[in-house]
Amino acid sequence: MEILSIIFIFILIVVPAIPLGKYIAKVYAGEKTAFDGILIPVEKMVYKGIGINPLTEMNWKEHLKTLLTINVIGFPFVYLILLNQDWLPLNPDHIPAMSPDLAFHSTCAFITNCFQQHYSGESGMSYLSQTVVMFYCFFLTPAVTLAAMAAVFKALKEGTTTKLGNFYVYFVTSVTRILLPISIIVAVIHVFNGIPMTFEGADIITTLQGDTVSVSRGPVAAFESIKQLGLNGGGFFGVNSAHPFENSNFLTNSIQNILHLLLPIATVFALGFYLKRKKLVWMIFGVMTLGFVLMLVPTMYSEIKGNPAISAMGIDQSLGNMEGKEIRFGSSASAFWSITVTASMNGSVNSMHDSYMPLSRTMQLIGIMVNSFYGGVGTGVLCFFISLVLTAFISSLMIGRTAQIFGKKIDAKEMKIAMIVFLLHPFLSLVGTALACAFPGLTLSTLNNPAFHGFSEMIYEYTSASSANGSGLEGLGDNTPWWNITCGIIILIGRFIPIIGAVAIAGLLAEKTHLEDTFGTLKTDTATFGFILFSFVFVITVLTFFPTLVLGPLGEYFSTR
């Protein structure tokens, strides 16, 4: 029954994602939508307020300059609030200020959509920080990547052009027409399911035993909706969506699971509607879904089967591996969540990944390592675009055909950028882990587990930071200057270089003369190319990370056989 419910939830993701993708394509193409009468006046006020002309088009370099400027301006704003939250208003529970290194890491994580947290939400941030900083970044970060994705759409559609629309227009409409409406609807559902929405401080309750307990609360309903929709993943509470005030029942759990994949899948279909290439998009969706299923099935099997060490003790495992999981969700729904968030770069958790079986942890890591089986909001399409370019070029060389994509020839410049982007993620993850191993005096004391499991905690932390996922194996005591500073730097590099690379490649392709397909052109919308693409993405990524998987979760798995 639980498996059938998961299949049903996945159907509920894909079915609305198709019309939503069509709607997103219309928004970025500037076509009429049903909400124009309400939203156009609001958007005009915003454009006037920030002093930009929405009709002015930008080239790809101007798009990137604007993208980086928005984030550079936001960095000190977020950092200073976190450093001074102890004396600023909206702090009824008297939360202390963050240390400089923790504030640096948190700021890096917040402005990049990573939201890797080295603090406990309810005791680490005031209401001002949660509402101003987190809400600001919850909308900023997905809107930035959606705007970059829209510029890539424009570049791939046009024949030969240097004008790729206006970044500010893409950014504003991403908020007003996509993120805000959906998040408001979900927030209302959350309120009616018992998720709090208040600015009052912690409440004091008396238990049946007569003890008094301080229970934190806050404006969680609105927080949770945009957190999941925008794939931000940061938790209002320390245990994230395992907390009943973030995720109260099976209905909210299902809705939040839908949000994990809704925009990543919808943006894939938006690409097809925008470019009018439906066969190509179904091929991309098929490759992504195949990878997702191959990660999901072993995880669910492993968690439903339970822990063999506990079974050997004669303890009932009929509910599966329930360590670190909420009974109201069960092992199946928790396993499904763990793969949707690692495949979509969400990073939120409704159970503790550190307590999963080693094979499940391997699949979670592979989802973060691949970084494009659905991927993030906007970034999923951008990362997959890089893989598409590389696969088209390599496949063309292998069979002696013209290396081109979307009617544009792929040259050395595009390939160099694509290779840098593709290799950056494993480079950052592996170098970070190697440095952590090289300085055991700074890192070993922060591990809660030795041997294979301890190594898994380290590689998971840096891979999560590099991919902007944000989840972690919380056996790791990561709130130290070492982890805060190294992860913060990796988060910044791992976030912006892939976006810059994808926009640059699309911009360079847009400037070239459009070539009509001939007999010698490699078709990129066929099942054969899809198989090659899947093999390239999965095999190359797994081989790159395979030694770390052997030293981590796979080593732990085989040591228990």
# chains A, B, ... in the order shown; residues from 1 in each chain; ligands from 1

$ residues_around --residues "A:Asn247" --least-positions-apart "4" --cutoff "10 Å" --atoms "only C-alpha atoms" --output "compact mmCIF listing (two decimals) with N, CA, C and O atoms, in the first residue's frame"
# COMPACT_ATOMS: atom_id res chain seq x y z
N HIS A 190 -0.91 24.38 4.73
CA HIS A 190 -0.12 24.09 5.92
C HIS A 190 -0.80 24.60 7.19
O HIS A 190 -0.83 23.90 8.22
N ASN A 193 -3.44 22.48 8.43
CA ASN A 193 -2.97 21.18 8.91
C ASN A 193 -2.11 21.31 10.16
O ASN A 193 -1.30 20.42 10.47
N GLY A 194 -2.30 22.42 10.86
CA GLY A 194 -1.69 22.55 12.18
C GLY A 194 -0.28 23.09 12.22
O GLY A 194 0.34 23.11 13.29
N ILE A 195 0.25 23.54 11.11
CA ILE A 195 1.59 24.14 11.11
C ILE A 195 1.46 25.60 11.55
O ILE A 195 0.66 26.35 10.99
N VAL A 220 5.94 29.49 10.54
CA VAL A 220 6.49 28.31 9.88
C VAL A 220 5.73 27.93 8.60
O VAL A 220 6.33 27.45 7.64
N ALA A 221 4.41 28.14 8.56
CA ALA A 221 3.61 27.69 7.42
C ALA A 221 4.08 28.33 6.12
O ALA A 221 4.27 27.65 5.11
N GLU A 224 7.72 27.18 5.29
CA GLU A 224 7.84 25.81 4.78
C GLU A 224 7.44 25.70 3.32
O GLU A 224 8.00 24.91 2.56
N ASN A 240 14.50 19.85 11.01
CA ASN A 240 13.95 20.12 9.69
C ASN A 240 12.53 19.57 9.56
O ASN A 240 11.73 19.71 10.47
N SER A 241 12.21 18.92 8.45
CA SER A 241 10.84 18.48 8.19
C SER A 241 10.47 17.20 8.93
O SER A 241 9.40 16.65 8.70
N ALA A 242 11.33 16.73 9.83
CA ALA A 242 10.93 15.67 10.75
C ALA A 242 10.14 16.25 11.92
O ALA A 242 9.47 15.51 12.64
N HIS A 243 10.20 17.56 12.09
CA HIS A 243 9.48 18.24 13.18
C HIS A 243 8.01 18.37 12.81
O HIS A 243 7.67 18.78 11.70
N LEU A 251 -0.41 14.03 4.83
CA LEU A 251 -0.84 14.93 3.76
C LEU A 251 0.22 15.99 3.49
O LEU A 251 0.60 16.21 2.33
N THR A 252 0.69 16.65 4.53
CA THR A 252 1.73 17.67 4.33
C THR A 252 3.01 17.03 3.81
O THR A 252 3.72 17.63 2.99
N ASN A 253 3.30 15.82 4.26
CA ASN A 253 4.48 15.12 3.77
C ASN A 253 4.38 14.85 2.27
O ASN A 253 5.35 15.01 1.52
N SER A 254 3.19 14.46 1.82
CA SER A 254 2.97 14.20 0.39
C SER A 254 3.06 15.48 -0.42
O SER A 254 3.67 15.50 -1.50
N ILE A 255 2.45 16.55 0.08
CA ILE A 255 2.48 17.83 -0.63
C ILE A 255 3.91 18.33 -0.76
O ILE A 255 4.34 18.79 -1.83
N GLN A 256 4.67 18.24 0.32
CA GLN A 256 6.06 18.70 0.27
C GLN A 256 6.91 17.83 -0.65
O GLN A 256 7.81 18.33 -1.33
N ASN A 350 13.06 14.57 6.27
CA ASN A 350 12.00 14.19 7.21
C ASN A 350 12.43 12.98 8.03
O ASN A 350 11.65 12.41 8.77

$ residues_around --residues "stretch 136-150 of chain A" --least-positions-apart "6" --cutoff "8 Å" --atoms "only C-alpha atoms" --output "JSON, numbers by chain"
{"A": [28, 63, 67, 110, 111, 112, 113, 167, 168, 170, 171, 172, 174, 175, 179, 226, 227, 230, 231, 232, 377, 378, 379, 381, 382, 499, 503]}

$ write_last_selection --atoms "N, CA and C atoms" --output "tab-separated table (two decimals), in the first residue's frame"
chain	number	residue	atom	x	y	z
A	28	TYR	N	8.12	33.26	-19.74
A	28	TYR	CA	9.44	33.71	-20.18
A	28	TYR	C	9.45	34.14	-21.65
A	63	HIS	N	23.74	39.66	-18.58
A	63	HIS	CA	22.94	38.79	-17.72
A	63	HIS	C	23.76	38.31	-16.52
A	67	LEU	N	23.27	39.09	-12.52
A	67	LEU	CA	23.11	37.97	-11.59
A	67	LEU	C	24.09	38.07	-10.43
A	110	PHE	N	22.93	30.52	2.33
A	110	PHE	CA	21.62	31.12	2.10
A	110	PHE	C	21.51	31.78	0.73
A	111	ILE	N	22.57	32.47	0.28
A	111	ILE	CA	22.45	33.21	-0.98
A	111	ILE	C	22.72	32.34	-2.20
A	112	THR	N	22.98	31.07	-1.97
A	112	THR	CA	23.27	30.16	-3.08
A	112	THR	C	22.25	29.06	-3.26
A	113	ASN	N	21.17	29.08	-2.49
A	113	ASN	CA	20.15	28.04	-2.55
A	113	ASN	C	20.63	26.72	-1.95
A	167	PHE	N	17.27	40.35	-17.72
A	167	PHE	CA	17.41	39.51	-16.53
A	167	PHE	C	16.45	39.94	-15.43
A	168	TYR	N	16.28	41.26	-15.26
A	168	TYR	CA	15.39	41.75	-14.21
A	168	TYR	C	13.95	41.31	-14.45
A	170	TYR	N	12.98	38.59	-16.12
A	170	TYR	CA	12.92	37.16	-15.82
A	170	TYR	C	12.90	36.94	-14.30
A	171	PHE	N	13.69	37.71	-13.58
A	171	PHE	CA	13.78	37.58	-12.13
A	171	PHE	C	12.46	37.94	-11.45
A	172	VAL	N	11.92	39.08	-11.80
A	172	VAL	CA	10.68	39.56	-11.17
A	172	VAL	C	9.51	38.63	-11.49
A	174	SER	N	9.61	35.55	-12.28
A	174	SER	CA	9.80	34.26	-11.60
A	174	SER	C	9.19	34.30	-10.20
A	175	VAL	N	9.29	35.45	-9.55
A	175	VAL	CA	8.72	35.60	-8.21
A	175	VAL	C	7.22	35.79	-8.28
A	179	LEU	N	6.76	31.56	-8.20
A	179	LEU	CA	7.08	31.19	-6.82
A	179	LEU	C	6.03	31.66	-5.82
A	226	ILE	N	7.58	27.98	0.70
A	226	ILE	CA	8.59	28.45	-0.27
A	226	ILE	C	9.91	27.70	-0.09
A	227	LYS	N	10.15	27.21	1.13
A	227	LYS	CA	11.34	26.38	1.35
A	227	LYS	C	11.33	25.15	0.45
A	230	GLY	N	10.96	26.22	-3.63
A	230	GLY	CA	12.19	26.76	-4.19
A	230	GLY	C	13.40	25.87	-3.99
A	231	LEU	N	13.19	24.67	-3.40
A	231	LEU	CA	14.25	23.70	-3.13
A	231	LEU	C	15.34	24.32	-2.27
A	232	ASN	N	14.92	25.15	-1.30
A	232	ASN	CA	15.89	25.76	-0.40
A	232	ASN	C	16.35	24.78	0.67
A	377	VAL	N	16.01	24.01	-9.01
A	377	VAL	CA	15.11	24.90	-9.75
A	377	VAL	C	15.95	25.72	-10.73
A	378	GLY	N	15.81	25.44	-12.00
A	378	GLY	CA	16.62	26.14	-13.00
A	378	GLY	C	17.98	25.49	-13.18
A	379	THR	N	18.66	25.22	-12.08
A	379	THR	CA	20.00	24.63	-12.18
A	379	THR	C	19.95	23.20	-12.69
A	381	VAL	N	18.08	22.07	-15.17
A	381	VAL	CA	18.12	22.21	-16.62
A	381	VAL	C	19.50	22.70	-17.07
A	382	LEU	N	20.08	23.66	-16.33
A	382	LEU	CA	21.38	24.21	-16.71
A	382	LEU	C	22.48	23.15	-16.63
A	499	ILE	N	26.52	27.99	-13.23
A	499	ILE	CA	25.54	28.90	-13.83
A	499	ILE	C	26.21	29.79	-14.86
A	503	VAL	N	25.28	29.70	-18.98
A	503	VAL	CA	24.83	30.92	-19.66
A	503	VAL	C	25.85	31.34	-20.72

$ residues_around --residues "A:Ile258" --least-positions-apart "5" --cutoff "8 Å" --atoms "only C-alpha atoms" --output "mmCIF file with N, CA, C and O atoms, in the first residue's frame"
data_model
loop_
_atom_site.group_PDB
_atom_site.id
_atom_site.type_symbol
_atom_site.label_atom_id
_atom_site.label_comp_id
_atom_site.auth_asym_id
_atom_site.auth_seq_id
_atom_site.Cartn_x
_atom_site.Cartn_y
_atom_site.Cartn_z
ATOM 1 N N ILE A 9 1.897 9.512 -5.733
ATOM 2 C CA ILE A 9 2.487 10.836 -5.505
ATOM 3 C C ILE A 9 3.334 11.250 -6.701
ATOM 4 O O ILE A 9 3.291 12.410 -7.142
ATOM 5 N N PHE A 10 4.097 10.306 -7.255
ATOM 6 C CA PHE A 10 4.929 10.640 -8.419
ATOM 7 C C PHE A 10 4.046 11.043 -9.601
ATOM 8 O O PHE A 10 4.377 11.971 -10.341
ATOM 9 N N LEU A 12 1.165 12.445 -9.331
ATOM 10 C CA LEU A 12 0.672 13.777 -8.976
ATOM 11 C C LEU A 12 1.726 14.855 -9.188
ATOM 12 O O LEU A 12 1.393 16.038 -9.238
ATOM 13 N N ILE A 13 2.972 14.467 -9.289
ATOM 14 C CA ILE A 13 4.035 15.421 -9.606
ATOM 15 C C ILE A 13 4.082 15.678 -11.111
ATOM 16 O O ILE A 13 4.094 16.826 -11.567
#

$ closest_residue --among "A:Val213, A:Ala312, A:Ile205, A:Ile386" --to "A:Val421" --atoms "only C-alpha atoms"
A:Ile386

$ select_by_dssp --residues "stretch 304-503 of chain A" --states "alpha helix (DSSP H)" --output "JSON, numbers by chain"
{"A": [304, 305, 308, 309, 310, 311, 312, 330, 331, 332, 333, 334, 335, 336, 337, 338, 339, 340, 341, 342, 343, 358, 359, 360, 361, 362, 363, 364, 365, 366, 367, 368, 369, 370, 379, 380, 381, 382, 383, 384, 385, 386, 387, 388, 389, 390, 391, 392, 393, 394, 395, 396, 397, 398, 399, 412, 413, 414, 415, 416, 417, 418, 419, 420, 421, 422, 423, 424, 425, 426, 427, 428, 429, 430, 431, 432, 433, 434, 435, 436, 437, 438, 440, 441, 442, 443, 451, 452, 453, 454, 455, 456, 457, 458, 459, 460, 461, 462, 463, 464, 465, 466, 481, 482, 483, 484, 485, 486, 487, 488, 489, 490, 491, 492, 493, 494, 495, 496, 497, 498, 499, 500, 501, 502, 503]}

$ residues_around --residues "A:Gly552" --least-positions-apart "6" --cutoff "10 Å" --atoms "only C-alpha atoms" --output "PyMOL selection string"
chain A and resi 358+361-362+451-460+546

$ select_by_dssp --residues "stretch 208-374 of chain A" --states "strand (DSSP E)" --output "ChimeraX atom specification"
/A:212-215

$ write_last_selection --atoms "N, CA and C atoms" --output "PDB file, in the first residue's frame"
ATOM      1  N   THR A 212       7.220  20.971  32.730  1.00  0.00           N
ATOM      2  CA  THR A 212       7.026  22.116  31.827  1.00  0.00           C
ATOM      3  C   THR A 212       8.069  22.061  30.723  1.00  0.00           C
ATOM      4  N   VAL A 213       7.631  22.299  29.498  1.00  0.00           N
ATOM      5  CA  VAL A 213       8.506  22.223  28.322  1.00  0.00           C
ATOM      6  C   VAL A 213       8.337  23.487  27.489  1.00  0.00           C
ATOM      7  N   SER A 214       9.452  24.049  27.033  1.00  0.00           N
ATOM      8  CA  SER A 214       9.427  25.210  26.145  1.00  0.00           C
ATOM      9  C   SER A 214       9.376  24.725  24.701  1.00  0.00           C
ATOM     10  N   VAL A 215       8.331  25.116  23.988  1.00  0.00           N
ATOM     11  CA  VAL A 215       8.131  24.664  22.608  1.00  0.00           C
ATOM     12  C   VAL A 215       8.275  25.858  21.661  1.00  0.00           C
TER      13      VAL A 215
END

$ closest_residue --among "A:Leu492, A:Cys114, A:Leu509, A:Leu229" --to "A:Val72" --atoms "only C-alpha atoms"
A:Leu492

$ closest_residue --among "A:Ile304, A:Asp525, A:Thr107, A:Ile184" --to "A:Asn71" --atoms "only C-alpha atoms"
A:Thr107

$ closest_residue --among "A:Gly159, A:Ser535, A:Leu424, A:Thr486" --to "A:Leu442" --atoms "only C-alpha atoms"
A:Thr486

$ residues_around --residues "stretch 269-275 of chain A" --least-positions-apart "3" --cutoff "7 Å" --atoms "only C-alpha atoms" --output "PyMOL selection string"
chain A and resi 18+21-22+24-25+153+157+265-266+278+281

$ write_last_selection --atoms "C-alpha atoms" --output "mmCIF file, in the first residue's frame"
data_model
loop_
_atom_site.group_PDB
_atom_site.id
_atom_site.type_symbol
_atom_site.label_atom_id
_atom_site.label_comp_id
_atom_site.auth_asym_id
_atom_site.auth_seq_id
_atom_site.Cartn_x
_atom_site.Cartn_y
_atom_site.Cartn_z
ATOM 1 C CA ILE A 18 3.328 19.440 -17.830
ATOM 2 C CA GLY A 21 5.874 23.841 -17.786
ATOM 3 C CA LYS A 22 3.722 25.244 -20.577
ATOM 4 C CA ILE A 24 6.418 28.836 -17.419
ATOM 5 C CA ALA A 25 7.363 28.832 -21.119
ATOM 6 C CA PHE A 153 16.014 29.275 -23.259
ATOM 7 C CA LYS A 157 15.586 29.415 -29.484
ATOM 8 C CA ILE A 265 10.284 18.586 -13.825
ATOM 9 C CA ALA A 266 8.127 21.532 -14.928
ATOM 10 C CA LYS A 278 8.743 17.934 -27.500
ATOM 11 C CA VAL A 281 12.255 17.033 -23.768
#

$ closest_residue --among "A:Ala403, A:Leu359, A:Ala438, A:Val191" --to "A:Val389" --atoms "only C-alpha atoms"
A:Ala403

$ closest_residue --among "A:Leu180, A:Leu476, A:Ile52, A:Leu88" --to "A:Leu444" --atoms "only C-alpha atoms"
A:Leu476

$ atom_distance --atom1 "atom CA of A:Glu200" --atom2 "atom CA of A:Leu102"
26.0 Å

$ atom_distance --atom1 "atom CA of A:Thr526" --atom2 "atom CA of A:Thr541"
22.4 Å

$ residues_around --residues "A:Asn371" --least-positions-apart "6" --cutoff "9 Å" --atoms "only C-alpha atoms" --output "NGL selection string"
:A and (342-345 or 380 or 383-384 or 425 or 467 or 469)
